[in-house]
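Trainee: my_file22.csv is reproduced below (CSV, C-alpha atoms).
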chain,number,residue,atom,x,y,z
A,1,MET,CA,-19.3,24.1,-3.8
A,2,VAL,CA,-19.1,22.1,-0.6
A,3,LYS,CA,-21.0,18.9,-0.8
A,4,GLU,CA,-23.3,17.9,2.2
A,5,PRO,CA,-21.9,14.8,3.9
A,6,ARG,CA,-23.8,11.6,3.5
A,7,SER,CA,-24.1,11.4,7.3
A,8,GLY,CA,-22.5,12.9,10.4
A,9,CYS,CA,-20.9,9.6,11.5
A,10,SER,CA,-17.2,10.1,12.3
A,11,ILE,CA,-16.1,7.1,10.2
A,12,ASN,CA,-18.1,8.4,7.2
A,13,LEU,CA,-16.7,11.9,7.6
A,14,ALA,CA,-13.1,10.5,7.4
A,15,LEU,CA,-14.0,8.4,4.4
A,16,GLU,CA,-15.5,11.4,2.6
A,17,ILE,CA,-12.0,13.0,2.7
A,18,PHE,CA,-9.6,10.1,2.2
A,19,GLY,CA,-11.8,7.2,1.2
A,20,ASP,CA,-10.1,6.5,-2.1
A,21,LYS,CA,-7.2,4.6,-3.5
A,22,TRP,CA,-4.7,7.5,-3.7
A,23,THR,CA,-5.1,10.1,-0.9
A,24,LEU,CA,-3.5,8.1,1.9
A,25,LEU,CA,-0.6,7.1,-0.4
A,26,ILE,CA,0.3,10.8,-0.8
A,27,ILE,CA,0.2,11.2,3.0
A,28,ARG,CA,2.4,8.1,3.3
A,29,ASP,CA,4.9,9.6,0.8
A,30,ILE,CA,5.2,12.8,2.8
A,31,MET,CA,5.0,11.2,6.2
A,32,LEU,CA,7.1,8.1,5.8
A,33,GLY,CA,9.0,8.7,2.5
A,34,ASN,CA,10.0,12.3,3.3
A,35,LYS,CA,8.7,13.4,-0.1
A,36,ARG,CA,7.9,17.1,-0.2
A,37,HIS,CA,7.7,18.0,-3.9
A,38,PHE,CA,5.2,17.2,-6.6
A,39,ARG,CA,7.7,15.5,-8.8
A,40,GLU,CA,8.9,13.2,-6.0
A,41,MET,CA,5.4,12.1,-5.3
A,42,LEU,CA,4.8,11.4,-9.0
A,43,GLN,CA,7.7,8.9,-9.0
A,44,SER,CA,6.3,6.6,-6.4
A,45,ASP,CA,5.8,2.9,-7.3
A,46,GLU,CA,2.1,3.1,-7.6
A,47,LYS,CA,2.4,5.5,-10.6
A,48,ILE,CA,-0.1,8.1,-9.6
A,49,SER,CA,-1.1,10.3,-12.6
A,50,SER,CA,-0.3,13.9,-12.5
A,51,ASN,CA,-3.9,15.0,-12.7
A,52,ILE,CA,-5.0,12.8,-9.8
A,53,LEU,CA,-2.0,14.0,-7.8
A,54,THR,CA,-2.9,17.7,-8.5
A,55,ASN,CA,-6.5,17.1,-7.6
A,56,ARG,CA,-5.7,15.3,-4.3
A,57,LEU,CA,-3.1,17.8,-3.2
A,58,GLN,CA,-5.6,20.7,-3.7
A,59,MET,CA,-8.2,18.8,-1.8
A,60,LEU,CA,-5.8,18.0,1.1
A,61,GLU,CA,-4.8,21.7,1.2
A,62,ALA,CA,-8.4,22.8,1.3
A,63,GLN,CA,-9.0,20.3,4.1
A,64,ASP,CA,-6.1,21.8,6.0
A,65,ILE,CA,-4.2,18.5,6.0
A,66,LEU,CA,-1.4,19.8,3.9
A,67,LYS,CA,0.1,23.3,3.5
A,68,LYS,CA,1.7,24.4,0.2
A,69,GLN,CA,4.5,27.0,0.2
A,70,PRO,CA,7.1,28.3,-2.2
A,71,ASP,CA,10.3,26.4,-1.7
A,72,THR,CA,12.9,29.0,-0.7
A,73,THR,CA,15.8,26.8,-1.8
A,74,HIS,CA,14.4,26.0,-5.3
A,75,LYS,CA,12.9,28.7,-7.3
A,76,GLN,CA,9.6,28.0,-9.1
A,77,LYS,CA,9.0,24.9,-6.9
A,78,TYR,CA,6.6,24.4,-4.1
A,79,ILE,CA,7.1,22.4,-0.9
A,80,TYR,CA,4.3,20.5,0.9
A,81,SER,CA,4.1,20.2,4.7
A,82,LEU,CA,1.8,18.3,6.9
A,83,THR,CA,-0.4,20.3,9.3
A,84,GLN,CA,-1.2,18.9,12.8
A,85,LYS,CA,-4.4,17.5,11.3
A,86,GLY,CA,-2.2,15.7,8.7
A,87,ILE,CA,0.3,14.4,11.3
A,88,ASP,CA,-2.7,13.0,13.2
A,89,LEU,CA,-3.3,10.6,10.3
A,90,LEU,CA,-0.3,8.5,11.4
A,91,PRO,CA,-2.4,6.0,13.4
A,92,VAL,CA,-4.8,5.5,10.4
A,93,ILE,CA,-1.8,4.7,8.2
A,94,THR,CA,0.0,2.4,10.7
A,95,SER,CA,-3.2,0.5,11.5
A,96,MET,CA,-3.7,-0.2,7.8
A,97,ALA,CA,-0.1,-1.4,7.5
A,98,GLN,CA,-0.4,-3.6,10.6
A,99,TRP,CA,-3.5,-5.2,9.1
A,100,SER,CA,-1.8,-5.9,5.8
A,101,LEU,CA,1.3,-7.3,7.5
A,102,LYS,CA,-0.8,-9.7,9.5
A,103,HIS,CA,-3.1,-10.8,6.6
A,104,LYS,CA,-1.4,-10.2,3.2
A,105,ALA,CA,1.7,-11.4,1.5
A,106,ILE,CA,3.9,-8.4,1.9
A,107,ASP,CA,7.0,-7.5,-0.1
A,108,GLU,CA,9.4,-7.0,2.7
A,109,GLU,CA,11.5,-4.4,0.8
A,110,SER,CA,8.4,-2.3,0.2
A,111,SER,CA,7.3,-2.2,3.8
A,112,LYS,CA,10.6,-1.5,5.4
A,113,HIS,CA,9.8,2.1,6.1
A,114,THR,CA,6.7,1.2,8.0
A,115,GLN,CA,8.1,-1.9,9.8
A,116,ASN,CA,9.9,0.1,12.4
A,117,LEU,CA,6.9,2.1,13.3
A,118,ILE,CA,4.7,-1.0,13.5
A,119,ASP,CA,7.1,-3.0,15.6
A,120,GLY,CA,7.9,0.1,17.6
A,121,ASP,CA,6.8,0.8,21.1
A,122,GLU,CA,5.0,3.9,22.0
A,123,ALA,CA,8.2,5.8,22.8
A,124,LEU,CA,9.5,5.2,19.3
A,125,ILE,CA,6.2,6.4,17.7
A,126,GLU,CA,6.2,9.5,19.9
A,127,LYS,CA,9.8,10.3,18.8
A,128,PHE,CA,8.7,9.9,15.2
A,129,VAL,CA,5.8,12.3,15.7
A,130,GLU,CA,8.1,14.8,17.3
A,131,GLY,CA,10.3,14.6,14.3
A,132,LEU,CA,7.3,15.2,12.0
A,133,LYS,CA,6.3,18.2,14.0
A,134,GLU,CA,9.8,19.7,13.8
A,135,THR,CA,10.0,19.1,10.1
A,136,HIS,CA,6.5,20.1,9.1
A,137,LEU,CA,5.3,22.5,11.7
A,138,GLY,CA,8.7,24.0,12.4
A,139,HIS,CA,8.6,23.6,16.2
A,140,LYS,CA,9.1,21.1,18.9
A,141,SER,CA,6.0,20.6,21.2
B,142,MET,CA,-9.3,-12.0,-12.9
B,143,VAL,CA,-7.1,-10.9,-10.1
B,144,LYS,CA,-5.4,-7.6,-10.8
B,145,GLU,CA,-1.8,-7.2,-10.0
B,146,PRO,CA,-1.3,-4.8,-7.1
B,147,ARG,CA,0.2,-1.4,-7.9
B,148,SER,CA,3.0,-2.1,-5.4
B,149,GLY,CA,3.8,-4.4,-2.5
B,150,CYS,CA,3.6,-1.6,0.1
B,151,SER,CA,1.5,-2.7,3.0
B,152,ILE,CA,-0.5,0.6,3.0
B,153,ASN,CA,-1.2,0.2,-0.7
B,154,LEU,CA,-2.3,-3.4,-0.4
B,155,ALA,CA,-4.8,-2.3,2.3
B,156,LEU,CA,-6.1,0.6,0.1
B,157,GLU,CA,-6.5,-1.7,-2.9
B,158,ILE,CA,-9.1,-3.7,-0.9
B,159,PHE,CA,-10.9,-1.1,1.1
B,160,GLY,CA,-9.7,2.3,-0.3
B,161,ASP,CA,-13.1,3.6,-1.3
B,162,LYS,CA,-16.0,5.5,0.2
B,163,TRP,CA,-18.2,2.5,1.0
B,164,THR,CA,-16.4,-0.7,2.0
B,165,LEU,CA,-15.4,0.4,5.5
B,166,LEU,CA,-19.0,1.7,6.1
B,167,ILE,CA,-20.2,-1.9,5.6
B,168,ILE,CA,-17.6,-3.2,8.1
B,169,ARG,CA,-18.7,-0.5,10.5
B,170,ASP,CA,-22.4,-1.6,10.1
B,171,ILE,CA,-21.6,-5.2,10.8
B,172,MET,CA,-19.0,-4.5,13.6
B,173,LEU,CA,-20.5,-1.6,15.4
B,174,GLY,CA,-24.1,-1.5,14.2
B,175,ASN,CA,-24.7,-5.2,14.6
B,176,LYS,CA,-26.2,-5.4,11.1
B,177,ARG,CA,-26.0,-8.9,9.6
B,178,HIS,CA,-28.4,-8.8,6.7
B,179,PHE,CA,-28.3,-7.2,3.3
B,180,ARG,CA,-31.5,-5.2,3.9
B,181,GLU,CA,-30.3,-3.8,7.2
B,182,MET,CA,-27.1,-2.5,5.6
B,183,LEU,CA,-29.2,-0.9,2.8
B,184,GLN,CA,-31.0,1.2,5.3
B,185,SER,CA,-28.0,3.0,6.8
B,186,ASP,CA,-27.9,6.8,6.8
B,187,GLU,CA,-25.4,7.0,3.9
B,188,LYS,CA,-27.9,5.4,1.5
B,189,ILE,CA,-25.6,2.9,-0.2
B,190,SER,CA,-27.1,1.7,-3.5
B,191,SER,CA,-28.0,-2.0,-3.7
B,192,ASN,CA,-25.6,-2.7,-6.6
B,193,ILE,CA,-22.7,-1.1,-4.8
B,194,LEU,CA,-23.6,-3.1,-1.6
B,195,THR,CA,-23.8,-6.3,-3.6
B,196,ASN,CA,-20.5,-5.7,-5.3
B,197,ARG,CA,-18.6,-4.8,-2.0
B,198,LEU,CA,-20.1,-7.8,-0.1
B,199,GLN,CA,-18.9,-10.1,-2.8
B,200,MET,CA,-15.5,-8.6,-2.8
B,201,LEU,CA,-15.2,-8.8,1.0
B,202,GLU,CA,-16.3,-12.4,0.9
B,203,ALA,CA,-13.7,-13.1,-1.8
B,204,GLN,CA,-11.1,-11.4,0.4
B,205,ASP,CA,-12.0,-13.6,3.3
B,206,ILE,CA,-13.1,-10.6,5.4
B,207,LEU,CA,-16.7,-11.6,5.5
B,208,LYS,CA,-18.5,-15.0,5.4
B,209,LYS,CA,-22.0,-15.4,3.9
B,210,GLN,CA,-24.2,-18.2,5.2
B,211,PRO,CA,-27.9,-19.1,4.9
B,212,ASP,CA,-29.7,-17.7,7.9
B,213,THR,CA,-31.2,-20.7,9.7
B,214,THR,CA,-33.8,-18.5,11.4
B,215,HIS,CA,-35.1,-16.8,8.3
B,216,LYS,CA,-35.6,-18.8,5.2
B,217,GLN,CA,-34.3,-17.3,1.9
B,218,LYS,CA,-32.1,-14.9,3.8
B,219,TYR,CA,-28.4,-14.8,4.2
B,220,ILE,CA,-26.4,-13.7,7.3
B,221,TYR,CA,-23.0,-12.1,7.1
B,222,SER,CA,-20.3,-12.7,9.7
B,223,LEU,CA,-16.8,-11.2,10.1
B,224,THR,CA,-13.8,-13.5,9.9
B,225,GLN,CA,-10.8,-12.9,12.0
B,226,LYS,CA,-9.3,-10.9,9.2
B,227,GLY,CA,-12.5,-8.7,9.3
B,228,ILE,CA,-12.4,-8.3,13.1
B,229,ASP,CA,-8.8,-7.2,12.8
B,230,LEU,CA,-10.0,-4.1,10.9
B,231,LEU,CA,-11.3,-2.6,14.1
B,232,PRO,CA,-8.2,-0.5,14.7
B,233,VAL,CA,-8.4,1.0,11.2
B,234,ILE,CA,-12.0,2.0,11.9
B,235,THR,CA,-11.4,3.4,15.4
B,236,SER,CA,-8.3,5.4,14.3
B,237,MET,CA,-10.5,7.0,11.6
B,238,ALA,CA,-13.2,7.8,14.1
B,239,GLN,CA,-10.6,9.3,16.5
B,240,TRP,CA,-9.2,11.5,13.8
B,241,SER,CA,-12.6,12.8,12.8
B,242,LEU,CA,-13.6,13.4,16.4
B,243,LYS,CA,-10.5,15.5,16.9
B,244,HIS,CA,-10.7,17.5,13.7
B,245,LYS,CA,-14.2,17.5,12.3
B,246,ALA,CA,-17.5,18.9,13.5
B,247,ILE,CA,-19.2,15.6,14.5
B,248,ASP,CA,-22.9,15.0,15.0
B,249,GLU,CA,-22.8,13.5,18.5
B,250,GLU,CA,-25.9,11.3,18.0
B,251,SER,CA,-24.3,9.7,14.9
B,252,SER,CA,-21.0,8.8,16.7
B,253,LYS,CA,-22.4,7.5,19.9
B,254,HIS,CA,-21.7,3.9,18.9
B,255,THR,CA,-18.0,4.6,18.4
B,256,GLN,CA,-17.6,7.0,21.3
B,257,ASN,CA,-17.4,4.3,23.9
B,258,LEU,CA,-14.7,2.4,21.9
B,259,ILE,CA,-12.7,5.6,21.3
B,260,ASP,CA,-12.8,6.7,24.9
B,261,GLY,CA,-12.3,3.2,26.1
B,262,ASP,CA,-9.2,1.8,27.7
B,263,GLU,CA,-7.6,-1.3,26.3
B,264,ALA,CA,-9.6,-3.6,28.6
B,265,LEU,CA,-12.9,-2.3,27.1
B,266,ILE,CA,-11.6,-2.8,23.5
B,267,GLU,CA,-10.4,-6.3,24.3
B,268,LYS,CA,-13.9,-7.1,25.7
B,269,PHE,CA,-15.5,-5.7,22.6
B,270,VAL,CA,-13.2,-7.9,20.4
B,271,GLU,CA,-14.1,-10.9,22.5
B,272,GLY,CA,-17.8,-10.2,21.9
B,273,LEU,CA,-17.2,-9.9,18.1
B,274,LYS,CA,-15.3,-13.3,18.1
B,275,GLU,CA,-18.1,-14.9,20.0
B,276,THR,CA,-20.8,-13.5,17.7
B,277,HIS,CA,-19.0,-13.9,14.4
B,278,LEU,CA,-16.6,-16.7,14.8
B,279,GLY,CA,-18.8,-18.6,17.2
B,280,HIS,CA,-16.1,-19.1,19.8
B,281,LYS,CA,-14.3,-17.5,22.7
B,282,SER,CA,-10.6,-17.2,22.3
Show me, as structure tokens, the structure contained in the file I just sent.
Mentor:
Amino acid sequence: MVKEPRSGCSINLALEIFGDKWTLLIIRDIMLGNKRHFREMLQSDEKISSNILTNRLQMLEAQDILKKQPDTTHKQKYIYSLTQKGIDLLPVITSMAQWSLKHKAIDEESSKHTQNLIDGDEALIEKFVEGLKETHLGHKS
Amino acid sequence: MVKEPRSGCSINLALEIFGDKWTLLIIRDIMLGNKRHFREMLQSDEKISSNILTNRLQMLEAQDILKKQPDTTHKQKYIYSLTQKGIDLLPVITSMAQWSLKHKAIDEESSKHTQNLIDGDEALIEKFVEGLKETHLGHKS
């Protein structure tokens, strides 16, 4: 059953998909941490529970943000890839990281994988997005 | 009681504050809808309940994202203002709106107050931020 959105506002529609404490951490893991398997995501520092992870992965697949495929190199495993719609979440993630870096006490070790992107100029971000497209969509644009 | 963060990652720290379905809608109302009073926020399309609104406003005040002051023009009312930390959430909100506008079917009427910002060049955004500073912080930078 698809729930009717609370309103048609663009900000609300985004929050109805990833407005929770976990969903964007999964996107972060795949996008910045290069995690592609369920078990790897389960091991992140925030200790997501396996039932929440299963639930969010299914939702992200239904929303066409992630694609789940059998992993050809590991039998009985699945590999998750970002779609273009998923890759397009990068600015949401980097804007959050930028805000935290400006206003919160940040553990430097923990933010090292976002620091480059946040400091980076547009060319660096573009290069990173090209890399994501090659890895996840299987083509250069 | 202040809860220990799940991790020191900058993205996680942001999500621990506003990773829910309501908090950024309140920021949207104040920032883009020019709503400054409790009752106005209660009337938004998404129909936030008064206990969730109270809870989130208190949290945002405790996080130094909003400031609550007696409204000198209306006795017995309070007026909410953004702090600099709150104004700095603008890129988070606009990046979400941009993503939705690219990937979701959007009700044009509902997104007209973000459309200008999203279409806008940097000069327009800078002008908007200056306006926020003047209204909420009471000074030009």
Trainee: Given identical sequences, can you show me chain B least-squares superposed on chain A via all its Cα atoms in order, as an mmCIF file with C-alpha atoms, keeping the file's coordinate frame?
Mentor:
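Result file selection-v4.cif:
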data_model
loop_
_atom_site.group_PDB
_atom_site.id
_atom_site.type_symbol
_atom_site.label_atom_id
_atom_site.label_comp_id
_atom_site.auth_asym_id
_atom_site.auth_seq_id
_atom_site.Cartn_x
_atom_site.Cartn_y
_atom_site.Cartn_z
ATOM 1 C CA MET B 142 -19.212 23.980 -3.781
ATOM 2 C CA VAL B 143 -19.032 22.021 -0.615
ATOM 3 C CA LYS B 144 -21.066 18.841 -0.758
ATOM 4 C CA GLU B 145 -23.194 17.908 2.133
ATOM 5 C CA PRO B 146 -21.831 14.837 3.902
ATOM 6 C CA ARG B 147 -23.797 11.604 3.530
ATOM 7 C CA SER B 148 -24.084 11.397 7.331
ATOM 8 C CA GLY B 149 -22.486 12.831 10.450
ATOM 9 C CA CYS B 150 -20.853 9.516 11.440
ATOM 10 C CA SER B 151 -17.252 10.076 12.306
ATOM 11 C CA ILE B 152 -16.110 7.087 10.149
ATOM 12 C CA ASN B 153 -18.061 8.443 7.200
ATOM 13 C CA LEU B 154 -16.707 11.951 7.544
ATOM 14 C CA ALA B 155 -13.162 10.477 7.464
ATOM 15 C CA LEU B 156 -13.980 8.342 4.348
ATOM 16 C CA GLU B 157 -15.493 11.331 2.552
ATOM 17 C CA ILE B 158 -12.048 13.028 2.674
ATOM 18 C CA PHE B 159 -9.633 10.208 2.214
ATOM 19 C CA GLY B 160 -11.784 7.151 1.221
ATOM 20 C CA ASP B 161 -10.102 6.472 -2.089
ATOM 21 C CA LYS B 162 -7.153 4.557 -3.470
ATOM 22 C CA TRP B 163 -4.715 7.472 -3.668
ATOM 23 C CA THR B 164 -5.045 10.140 -0.975
ATOM 24 C CA LEU B 165 -3.516 8.128 1.867
ATOM 25 C CA LEU B 166 -0.606 7.080 -0.466
ATOM 26 C CA ILE B 167 0.281 10.793 -0.746
ATOM 27 C CA ILE B 168 0.197 11.184 3.067
ATOM 28 C CA ARG B 169 2.362 8.101 3.334
ATOM 29 C CA ASP B 170 4.901 9.622 0.824
ATOM 30 C CA ILE B 171 5.138 12.847 2.730
ATOM 31 C CA MET B 172 5.063 11.235 6.263
ATOM 32 C CA LEU B 173 7.096 8.145 5.794
ATOM 33 C CA GLY B 174 8.905 8.693 2.502
ATOM 34 C CA ASN B 175 9.971 12.224 3.278
ATOM 35 C CA LYS B 176 8.720 13.416 -0.121
ATOM 36 C CA ARG B 177 7.899 17.140 -0.175
ATOM 37 C CA HIS B 178 7.682 17.984 -3.838
ATOM 38 C CA PHE B 179 5.156 17.259 -6.526
ATOM 39 C CA ARG B 180 7.706 15.496 -8.759
ATOM 40 C CA GLU B 181 8.925 13.224 -5.995
ATOM 41 C CA MET B 182 5.380 12.046 -5.263
ATOM 42 C CA LEU B 183 4.866 11.390 -9.020
ATOM 43 C CA GLN B 184 7.668 8.931 -9.010
ATOM 44 C CA SER B 185 6.317 6.535 -6.379
ATOM 45 C CA ASP B 186 5.876 2.858 -7.239
ATOM 46 C CA GLU B 187 2.070 3.127 -7.615
ATOM 47 C CA LYS B 188 2.429 5.501 -10.583
ATOM 48 C CA ILE B 189 -0.159 8.102 -9.601
ATOM 49 C CA SER B 190 -1.178 10.211 -12.617
ATOM 50 C CA SER B 191 -0.298 13.918 -12.461
ATOM 51 C CA ASN B 192 -3.944 15.065 -12.685
ATOM 52 C CA ILE B 193 -5.000 12.799 -9.864
ATOM 53 C CA LEU B 194 -1.986 14.037 -7.758
ATOM 54 C CA THR B 195 -2.883 17.632 -8.503
ATOM 55 C CA ASN B 196 -6.501 17.144 -7.602
ATOM 56 C CA ARG B 197 -5.745 15.286 -4.242
ATOM 57 C CA LEU B 198 -3.075 17.865 -3.202
ATOM 58 C CA GLN B 199 -5.555 20.624 -3.708
ATOM 59 C CA MET B 200 -8.183 18.845 -1.776
ATOM 60 C CA LEU B 201 -5.815 18.082 1.118
ATOM 61 C CA GLU B 202 -4.731 21.688 1.184
ATOM 62 C CA ALA B 203 -8.387 22.767 1.234
ATOM 63 C CA GLN B 204 -8.964 20.336 4.106
ATOM 64 C CA ASP B 205 -6.134 21.841 6.052
ATOM 65 C CA ILE B 206 -4.200 18.542 6.037
ATOM 66 C CA LEU B 207 -1.406 19.834 3.918
ATOM 67 C CA LYS B 208 0.170 23.315 3.462
ATOM 68 C CA LYS B 209 1.752 24.409 0.151
ATOM 69 C CA GLN B 210 4.508 27.009 0.252
ATOM 70 C CA PRO B 211 7.095 28.313 -2.238
ATOM 71 C CA ASP B 212 10.303 26.407 -1.710
ATOM 72 C CA THR B 213 12.906 29.010 -0.739
ATOM 73 C CA THR B 214 15.742 26.727 -1.851
ATOM 74 C CA HIS B 215 14.431 25.969 -5.301
ATOM 75 C CA LYS B 216 12.895 28.703 -7.306
ATOM 76 C CA GLN B 217 9.569 27.933 -9.089
ATOM 77 C CA LYS B 218 9.014 24.939 -6.867
ATOM 78 C CA TYR B 219 6.572 24.383 -4.112
ATOM 79 C CA ILE B 220 7.100 22.371 -0.873
ATOM 80 C CA TYR B 221 4.326 20.543 0.895
ATOM 81 C CA SER B 222 4.169 20.224 4.674
ATOM 82 C CA LEU B 223 1.738 18.337 6.952
ATOM 83 C CA THR B 224 -0.367 20.312 9.401
ATOM 84 C CA GLN B 225 -1.197 18.928 12.743
ATOM 85 C CA LYS B 226 -4.379 17.534 11.321
ATOM 86 C CA GLY B 227 -2.186 15.699 8.691
ATOM 87 C CA ILE B 228 0.271 14.378 11.304
ATOM 88 C CA ASP B 229 -2.668 13.037 13.259
ATOM 89 C CA LEU B 230 -3.376 10.627 10.370
ATOM 90 C CA LEU B 231 -0.408 8.527 11.351
ATOM 91 C CA PRO B 232 -2.470 6.051 13.351
ATOM 92 C CA VAL B 233 -4.835 5.476 10.415
ATOM 93 C CA ILE B 234 -1.828 4.692 8.225
ATOM 94 C CA THR B 235 -0.036 2.430 10.723
ATOM 95 C CA SER B 236 -3.237 0.465 11.565
ATOM 96 C CA MET B 237 -3.610 -0.206 7.810
ATOM 97 C CA ALA B 238 -0.025 -1.323 7.528
ATOM 98 C CA GLN B 239 -0.447 -3.609 10.588
ATOM 99 C CA TRP B 240 -3.507 -5.211 9.120
ATOM 100 C CA SER B 241 -1.825 -5.889 5.809
ATOM 101 C CA LEU B 242 1.281 -7.248 7.491
ATOM 102 C CA LYS B 243 -0.849 -9.699 9.421
ATOM 103 C CA HIS B 244 -3.059 -10.830 6.572
ATOM 104 C CA LYS B 245 -1.449 -10.146 3.233
ATOM 105 C CA ALA B 246 1.638 -11.467 1.496
ATOM 106 C CA ILE B 247 3.875 -8.360 1.848
ATOM 107 C CA ASP B 248 6.974 -7.541 -0.159
ATOM 108 C CA GLU B 249 9.412 -6.956 2.709
ATOM 109 C CA GLU B 250 11.551 -4.408 0.804
ATOM 110 C CA SER B 251 8.442 -2.266 0.119
ATOM 111 C CA SER B 252 7.334 -2.158 3.821
ATOM 112 C CA LYS B 253 10.646 -1.547 5.418
ATOM 113 C CA HIS B 254 9.807 2.102 6.074
ATOM 114 C CA THR B 255 6.698 1.187 8.056
ATOM 115 C CA GLN B 256 8.134 -1.875 9.758
ATOM 116 C CA ASN B 257 10.006 0.077 12.360
ATOM 117 C CA LEU B 258 6.866 2.134 13.258
ATOM 118 C CA ILE B 259 4.690 -1.003 13.411
ATOM 119 C CA ASP B 260 7.090 -2.932 15.578
ATOM 120 C CA GLY B 261 7.874 0.104 17.605
ATOM 121 C CA ASP B 262 6.826 0.762 21.155
ATOM 122 C CA GLU B 263 5.011 3.938 22.019
ATOM 123 C CA ALA B 264 8.249 5.792 22.829
ATOM 124 C CA LEU B 265 9.520 5.226 19.238
ATOM 125 C CA ILE B 266 6.185 6.459 17.735
ATOM 126 C CA GLU B 267 6.187 9.524 19.956
ATOM 127 C CA LYS B 268 9.768 10.297 18.760
ATOM 128 C CA PHE B 269 8.706 9.857 15.181
ATOM 129 C CA VAL B 270 5.751 12.291 15.742
ATOM 130 C CA GLU B 271 8.118 14.763 17.327
ATOM 131 C CA GLY B 272 10.348 14.595 14.238
ATOM 132 C CA LEU B 273 7.312 15.173 11.928
ATOM 133 C CA LYS B 274 6.253 18.268 14.042
ATOM 134 C CA GLU B 275 9.737 19.623 13.861
ATOM 135 C CA THR B 276 10.020 19.096 10.095
ATOM 136 C CA HIS B 277 6.513 20.110 9.114
ATOM 137 C CA LEU B 278 5.300 22.480 11.698
ATOM 138 C CA GLY B 279 8.713 23.943 12.344
ATOM 139 C CA HIS B 280 8.547 23.528 16.099
ATOM 140 C CA LYS B 281 9.038 21.102 18.942
ATOM 141 C CA SER B 282 6.035 20.548 21.091
#
Trainee: For stretch 221-224 of chain B, please output as an NGL selection string all residues within 9 Å (counting only C-alpha atoms; exclusion window: fewer than 6 positions along the same chain).
Mentor: :B and (168 or 171-172 or 176-179 or 198 or 205-212 or 273-274 or 276-278)
Trainee: Separation of atom CA of A:Met96 and atom CA of B:Glu271, in Å?
Mentor: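 Here the two named atoms are 20.9 Å from each other.
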Trainee: Can you write out as JSON lines which residues of chain B fall within 8 Å of chain A, alongside each residue's closest atom pair and its distance in Å to one decimal, counting all atoms listed in the file and ordering rows by chain and ascending residue number?
Mentor:
{"residue": "B:Arg147", "atom": "CA", "partner": "A:Glu46", "partner_atom": "CA", "distance": 4.9}
{"residue": "B:Ser148", "atom": "CA", "partner": "A:Glu46", "partner_atom": "CA", "distance": 5.7}
{"residue": "B:Gly149", "atom": "CA", "partner": "A:Asp107", "partner_atom": "CA", "distance": 5.1}
{"residue": "B:Cys150", "atom": "CA", "partner": "A:Ser110", "partner_atom": "CA", "distance": 4.9}
{"residue": "B:Ser151", "atom": "CA", "partner": "A:Ala97", "partner_atom": "CA", "distance": 4.9}
{"residue": "B:Ile152", "atom": "CA", "partner": "A:Ala97", "partner_atom": "CA", "distance": 4.9}
{"residue": "B:Asn153", "atom": "CA", "partner": "A:Leu25", "partner_atom": "CA", "distance": 6.9}
{"residue": "B:Leu154", "atom": "CA", "partner": "A:Ser100", "partner_atom": "CA", "distance": 6.7}
{"residue": "B:Ala155", "atom": "CA", "partner": "A:Ser100", "partner_atom": "CA", "distance": 5.8}
{"residue": "B:Leu156", "atom": "CA", "partner": "A:Lys21", "partner_atom": "CA", "distance": 5.5}
{"residue": "B:Glu157", "atom": "CA", "partner": "A:Lys21", "partner_atom": "CA", "distance": 6.4}
{"residue": "B:Gly160", "atom": "CA", "partner": "A:Asp20", "partner_atom": "CA", "distance": 4.6}
{"residue": "B:Asp161", "atom": "CA", "partner": "A:Asp20", "partner_atom": "CA", "distance": 4.2}
{"residue": "B:Lys162", "atom": "CA", "partner": "A:Gly19", "partner_atom": "CA", "distance": 4.6}
{"residue": "B:Trp163", "atom": "CA", "partner": "A:Gly19", "partner_atom": "CA", "distance": 7.9}
{"residue": "B:Leu166", "atom": "CA", "partner": "A:Asn12", "partner_atom": "CA", "distance": 6.8}
{"residue": "B:Asp186", "atom": "CA", "partner": "A:Ser7", "partner_atom": "CA", "distance": 6.0}
{"residue": "B:Glu187", "atom": "CA", "partner": "A:Arg6", "partner_atom": "CA", "distance": 4.9}
{"residue": "B:Lys188", "atom": "CA", "partner": "A:Arg6", "partner_atom": "CA", "distance": 7.7}
{"residue": "B:Lys226", "atom": "CA", "partner": "A:His103", "partner_atom": "CA", "distance": 6.7}
{"residue": "B:Asp229", "atom": "CA", "partner": "A:Trp99", "partner_atom": "CA", "distance": 6.8}
{"residue": "B:Leu230", "atom": "CA", "partner": "A:Trp99", "partner_atom": "CA", "distance": 6.8}
{"residue": "B:Pro232", "atom": "CA", "partner": "A:Ser95", "partner_atom": "CA", "distance": 6.0}
{"residue": "B:Val233", "atom": "CA", "partner": "A:Ser95", "partner_atom": "CA", "distance": 5.2}
{"residue": "B:Ile234", "atom": "CA", "partner": "A:Ile11", "partner_atom": "CA", "distance": 6.8}
{"residue": "B:Thr235", "atom": "CA", "partner": "A:Ile11", "partner_atom": "CA", "distance": 7.9}
{"residue": "B:Ser236", "atom": "CA", "partner": "A:Val92", "partner_atom": "CA", "distance": 5.2}
{"residue": "B:Met237", "atom": "CA", "partner": "A:Ile11", "partner_atom": "CA", "distance": 5.8}
{"residue": "B:Ala238", "atom": "CA", "partner": "A:Ile11", "partner_atom": "CA", "distance": 4.9}
{"residue": "B:Gln239", "atom": "CA", "partner": "A:Ser10", "partner_atom": "CA", "distance": 7.9}
{"residue": "B:Trp240", "atom": "CA", "partner": "A:Asp88", "partner_atom": "CA", "distance": 6.7}
{"residue": "B:Ser241", "atom": "CA", "partner": "A:Ser10", "partner_atom": "CA", "distance": 5.4}
{"residue": "B:Leu242", "atom": "CA", "partner": "A:Ser10", "partner_atom": "CA", "distance": 6.4}
{"residue": "B:His244", "atom": "CA", "partner": "A:Lys85", "partner_atom": "CA", "distance": 6.7}
{"residue": "B:Lys245", "atom": "CA", "partner": "A:Leu13", "partner_atom": "CA", "distance": 7.7}
{"residue": "B:Ile247", "atom": "CA", "partner": "A:Gly8", "partner_atom": "CA", "distance": 5.9}
{"residue": "B:Asp248", "atom": "CA", "partner": "A:Gly8", "partner_atom": "CA", "distance": 5.1}
{"residue": "B:Ser251", "atom": "CA", "partner": "A:Cys9", "partner_atom": "CA", "distance": 4.8}
{"residue": "B:Ser252", "atom": "CA", "partner": "A:Cys9", "partner_atom": "CA", "distance": 5.3}
